[in-house]
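Structure first, then comments.
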Amino acid sequence: MTQTIKAVYPGSFDPPTLGHIDIIERALKIFGNLTVVVAQSSRKNSLFSANERKALLQESLVGLKNVAVDVHDGLTVDYMKKNNAQVIIRGLRAISDFEYELQMATMNRKLYPEIETMIIMSGEKFYYIASNTVKEVAMHGGDISQLVPRPVVDAVKKKLKL
């Protein structure tokens, strides 16, 4: 009997970008099923609430099969244990992201040795897109339509009252 590998793609997704969608689509090709986990953190000053980010991801993922979106407050490894998941998916845009991702993967493995972290390199069309940059561009009236899914464009404009 073959065991299904449960993969989780955690992040803040504030807001979800086309880079995030690219990672999700590519992870689905490998695992077949994926849970995207929106981090609910009181330490971050988010533009959108965790539930708003969840809804934006769900709208942006319409048409993709075998992907679920959930919200979690706490350590990713606790979510992994609770849901019997084995693989954490992380996206890597540039070499500058590597040190942070290595630290997180090492800490997660220390806390929960049964999990693996899989890094998926951002597609070349998306490596420069970061949620913080999207918010900065939007706050200054720039066009974000090539950076985020359509539902996110509208939500950002509404949130920033543009």
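In the structure tokens, each chain is lettered A, B, ... as it comes, each chain's residues begin at 1, and ligands are numbered from 1 in order of appearance.
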
For range 98-115 of chain A: contacts at 6 Å, only C-alpha atoms, fewer than 2 positions along chain excluded, given as a VMD selection string: chain A and resid 86 to 87 95 to 96 117

Near-range 137-145 of chain A list (9 Å; only C-alpha atoms; drop same-chain fewer than 3 positions) as a list in words: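 Selected residues are Asn132, Thr133, Val134, Val148, Pro149, Arg150, Val152, Val153, Val156, Lys157, Leu160 and Leu162 of chain A.
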
Output as a PDB file with N, CA, C and O atoms, in the first residue's frame all residues of range 1-160 of chain A that backbone DSSP marks as strand (DSSP E or B).
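Saved file part07.pdb follows:
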```pdb
ATOM      1  N   ALA A   7       1.696  17.369   1.731  1.00  0.00           N
ATOM      2  CA  ALA A   7       2.567  18.534   1.615  1.00  0.00           C
ATOM      3  C   ALA A   7       1.807  19.786   2.032  1.00  0.00           C
ATOM      4  O   ALA A   7       0.612  19.927   1.761  1.00  0.00           O
ATOM      5  N   VAL A   8       2.534  20.695   2.685  1.00  0.00           N
ATOM      6  CA  VAL A   8       1.969  21.939   3.191  1.00  0.00           C
ATOM      7  C   VAL A   8       2.845  23.087   2.706  1.00  0.00           C
ATOM      8  O   VAL A   8       4.070  23.025   2.791  1.00  0.00           O
ATOM      9  N   TYR A   9       2.197  24.128   2.186  1.00  0.00           N
ATOM     10  CA  TYR A   9       2.905  25.339   1.755  1.00  0.00           C
ATOM     11  C   TYR A   9       2.478  26.473   2.683  1.00  0.00           C
ATOM     12  O   TYR A   9       1.429  27.078   2.498  1.00  0.00           O
ATOM     13  N   PRO A  10       3.279  26.749   3.735  1.00  0.00           N
ATOM     14  CA  PRO A  10       2.922  27.799   4.678  1.00  0.00           C
ATOM     15  C   PRO A  10       3.486  29.155   4.255  1.00  0.00           C
ATOM     16  O   PRO A  10       4.504  29.240   3.573  1.00  0.00           O
ATOM     17  N   GLY A  11       2.812  30.203   4.669  1.00  0.00           N
ATOM     18  CA  GLY A  11       3.317  31.551   4.401  1.00  0.00           C
ATOM     19  C   GLY A  11       2.339  32.589   4.899  1.00  0.00           C
ATOM     20  O   GLY A  11       1.228  32.277   5.331  1.00  0.00           O
ATOM     21  N   LEU A  34      -2.158  19.394  -2.001  1.00  0.00           N
ATOM     22  CA  LEU A  34      -1.392  20.406  -1.278  1.00  0.00           C
ATOM     23  C   LEU A  34      -2.332  21.200  -0.385  1.00  0.00           C
ATOM     24  O   LEU A  34      -3.463  21.507  -0.774  1.00  0.00           O
ATOM     25  N   THR A  35      -1.857  21.517   0.809  1.00  0.00           N
ATOM     26  CA  THR A  35      -2.577  22.434   1.676  1.00  0.00           C
ATOM     27  C   THR A  35      -1.749  23.702   1.803  1.00  0.00           C
ATOM     28  O   THR A  35      -0.573  23.640   2.185  1.00  0.00           O
ATOM     29  N   VAL A  36      -2.344  24.822   1.456  1.00  0.00           N
ATOM     30  CA  VAL A  36      -1.715  26.129   1.621  1.00  0.00           C
ATOM     31  C   VAL A  36      -2.151  26.633   2.989  1.00  0.00           C
ATOM     32  O   VAL A  36      -3.352  26.705   3.276  1.00  0.00           O
ATOM     33  N   VAL A  37      -1.190  26.948   3.838  1.00  0.00           N
ATOM     34  CA  VAL A  37      -1.499  27.362   5.204  1.00  0.00           C
ATOM     35  C   VAL A  37      -1.120  28.825   5.397  1.00  0.00           C
ATOM     36  O   VAL A  37       0.045  29.200   5.291  1.00  0.00           O
ATOM     37  N   VAL A  38      -2.146  29.626   5.657  1.00  0.00           N
ATOM     38  CA  VAL A  38      -1.962  31.054   5.901  1.00  0.00           C
ATOM     39  C   VAL A  38      -1.581  31.242   7.363  1.00  0.00           C
ATOM     40  O   VAL A  38      -2.315  30.814   8.262  1.00  0.00           O
ATOM     41  N   ALA A  39      -0.445  31.872   7.585  1.00  0.00           N
ATOM     42  CA  ALA A  39       0.018  32.123   8.945  1.00  0.00           C
ATOM     43  C   ALA A  39      -0.760  33.286   9.546  1.00  0.00           C
ATOM     44  O   ALA A  39      -0.869  34.352   8.938  1.00  0.00           O
ATOM     45  N   VAL A  67      -6.204  21.235  -3.996  1.00  0.00           N
ATOM     46  CA  VAL A  67      -5.527  22.210  -3.157  1.00  0.00           C
ATOM     47  C   VAL A  67      -6.533  22.766  -2.154  1.00  0.00           C
ATOM     48  O   VAL A  67      -7.660  23.096  -2.510  1.00  0.00           O
ATOM     49  N   ALA A  68      -6.129  22.780  -0.901  1.00  0.00           N
ATOM     50  CA  ALA A  68      -6.958  23.321   0.174  1.00  0.00           C
ATOM     51  C   ALA A  68      -6.232  24.501   0.789  1.00  0.00           C
ATOM     52  O   ALA A  68      -5.001  24.597   0.709  1.00  0.00           O
ATOM     53  N   VAL A  69      -6.986  25.401   1.390  1.00  0.00           N
ATOM     54  CA  VAL A  69      -6.393  26.552   2.065  1.00  0.00           C
ATOM     55  C   VAL A  69      -6.883  26.539   3.506  1.00  0.00           C
ATOM     56  O   VAL A  69      -8.071  26.356   3.767  1.00  0.00           O
ATOM     57  N   ASP A  70      -5.958  26.728   4.422  1.00  0.00           N
ATOM     58  CA  ASP A  70      -6.264  26.700   5.845  1.00  0.00           C
ATOM     59  C   ASP A  70      -5.547  27.871   6.523  1.00  0.00           C
ATOM     60  O   ASP A  70      -4.641  28.468   5.942  1.00  0.00           O
ATOM     61  N   VAL A  71      -5.954  28.177   7.750  1.00  0.00           N
ATOM     62  CA  VAL A  71      -5.322  29.216   8.553  1.00  0.00           C
ATOM     63  C   VAL A  71      -4.782  28.546   9.807  1.00  0.00           C
ATOM     64  O   VAL A  71      -5.425  27.675  10.385  1.00  0.00           O
ATOM     65  N   HIS A  72      -3.580  28.964  10.219  1.00  0.00           N
ATOM     66  CA  HIS A  72      -2.980  28.405  11.437  1.00  0.00           C
ATOM     67  C   HIS A  72      -2.259  29.495  12.209  1.00  0.00           C
ATOM     68  O   HIS A  72      -1.553  30.316  11.630  1.00  0.00           O
ATOM     69  N   VAL A  87       5.817  17.020   4.405  1.00  0.00           N
ATOM     70  CA  VAL A  87       6.694  17.892   3.624  1.00  0.00           C
ATOM     71  C   VAL A  87       6.225  19.344   3.703  1.00  0.00           C
ATOM     72  O   VAL A  87       5.051  19.628   3.489  1.00  0.00           O
ATOM     73  N   ILE A  88       7.171  20.222   4.019  1.00  0.00           N
ATOM     74  CA  ILE A  88       6.931  21.661   3.971  1.00  0.00           C
ATOM     75  C   ILE A  88       7.474  22.160   2.634  1.00  0.00           C
ATOM     76  O   ILE A  88       8.636  21.901   2.293  1.00  0.00           O
ATOM     77  N   ILE A  89       6.647  22.854   1.891  1.00  0.00           N
ATOM     78  CA  ILE A  89       7.058  23.468   0.628  1.00  0.00           C
ATOM     79  C   ILE A  89       7.443  24.913   0.906  1.00  0.00           C
ATOM     80  O   ILE A  89       6.721  25.643   1.594  1.00  0.00           O
ATOM     81  N   ARG A  90       8.560  25.332   0.377  1.00  0.00           N
ATOM     82  CA  ARG A  90       8.982  26.732   0.484  1.00  0.00           C
ATOM     83  C   ARG A  90       9.429  27.199  -0.899  1.00  0.00           C
ATOM     84  O   ARG A  90      10.031  26.436  -1.653  1.00  0.00           O
ATOM     85  N   GLY A  91       9.132  28.445  -1.197  1.00  0.00           N
ATOM     86  CA  GLY A  91       9.580  29.038  -2.445  1.00  0.00           C
ATOM     87  C   GLY A  91      10.841  29.843  -2.201  1.00  0.00           C
ATOM     88  O   GLY A  91      11.010  30.441  -1.143  1.00  0.00           O
ATOM     89  N   LEU A  92      11.713  29.841  -3.172  1.00  0.00           N
ATOM     90  CA  LEU A  92      12.968  30.584  -3.064  1.00  0.00           C
ATOM     91  C   LEU A  92      13.084  31.485  -4.283  1.00  0.00           C
ATOM     92  O   LEU A  92      13.102  31.005  -5.418  1.00  0.00           O
ATOM     93  N   GLU A 116      10.301  16.909   6.153  1.00  0.00           N
ATOM     94  CA  GLU A 116      11.297  17.387   5.192  1.00  0.00           C
ATOM     95  C   GLU A 116      10.841  18.735   4.665  1.00  0.00           C
ATOM     96  O   GLU A 116       9.635  19.000   4.605  1.00  0.00           O
ATOM     97  N   THR A 117      11.779  19.558   4.284  1.00  0.00           N
ATOM     98  CA  THR A 117      11.470  20.825   3.628  1.00  0.00           C
ATOM     99  C   THR A 117      11.915  20.709   2.182  1.00  0.00           C
ATOM    100  O   THR A 117      13.045  20.290   1.907  1.00  0.00           O
ATOM    101  N   MET A 118      11.031  21.053   1.280  1.00  0.00           N
ATOM    102  CA  MET A 118      11.345  21.032  -0.151  1.00  0.00           C
ATOM    103  C   MET A 118      11.300  22.459  -0.675  1.00  0.00           C
ATOM    104  O   MET A 118      10.287  23.148  -0.528  1.00  0.00           O
ATOM    105  N   ILE A 119      12.391  22.879  -1.262  1.00  0.00           N
ATOM    106  CA  ILE A 119      12.490  24.220  -1.826  1.00  0.00           C
ATOM    107  C   ILE A 119      12.154  24.147  -3.306  1.00  0.00           C
ATOM    108  O   ILE A 119      12.700  23.329  -4.044  1.00  0.00           O
ATOM    109  N   ILE A 120      11.249  25.017  -3.737  1.00  0.00           N
ATOM    110  CA  ILE A 120      10.931  25.146  -5.160  1.00  0.00           C
ATOM    111  C   ILE A 120      11.370  26.542  -5.591  1.00  0.00           C
ATOM    112  O   ILE A 120      10.937  27.543  -5.016  1.00  0.00           O
ATOM    113  N   MET A 121      12.243  26.581  -6.547  1.00  0.00           N
ATOM    114  CA  MET A 121      12.742  27.863  -7.053  1.00  0.00           C
ATOM    115  C   MET A 121      11.631  28.590  -7.795  1.00  0.00           C
ATOM    116  O   MET A 121      10.901  27.990  -8.578  1.00  0.00           O
TER     117      MET A 121
END
```

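Atom pair CA of Ala130 in chain A / CA of Asp14 in chain A has a distance of 9.4 Å (rounded to one decimal).
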
Helix (DSSP H, G or I) call set, DSSP backbone run, range 36-151 of chain A, as a ChimeraX atom specification: /A:50-60,76-82,95-111,131-139,150-151

Length of the CA of Leu64 in chain A to CA of Lys82 in chain A vector [Å]: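 Interatomic distance here is 24.7 Å.
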
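Across the model, the gap from CA of Ala94 in chain A to CA of Leu75 in chain A is 24.5 Å.
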
Minimum-distance residue to Ala155 in chain A, chosen among A:Gly123, A:Asn33, A:Asn45, A:Leu57 (using only C-alpha atoms):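 For Ala155 in chain A, the nearest of the given residues is A:Leu57.
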
Shell of 12 Å around Glu124 in chain A, only C-alpha atoms, local chain residues under 5 positions omitted, as a ChimeraX atom specification: /A:18-19,22-23,92-94,129
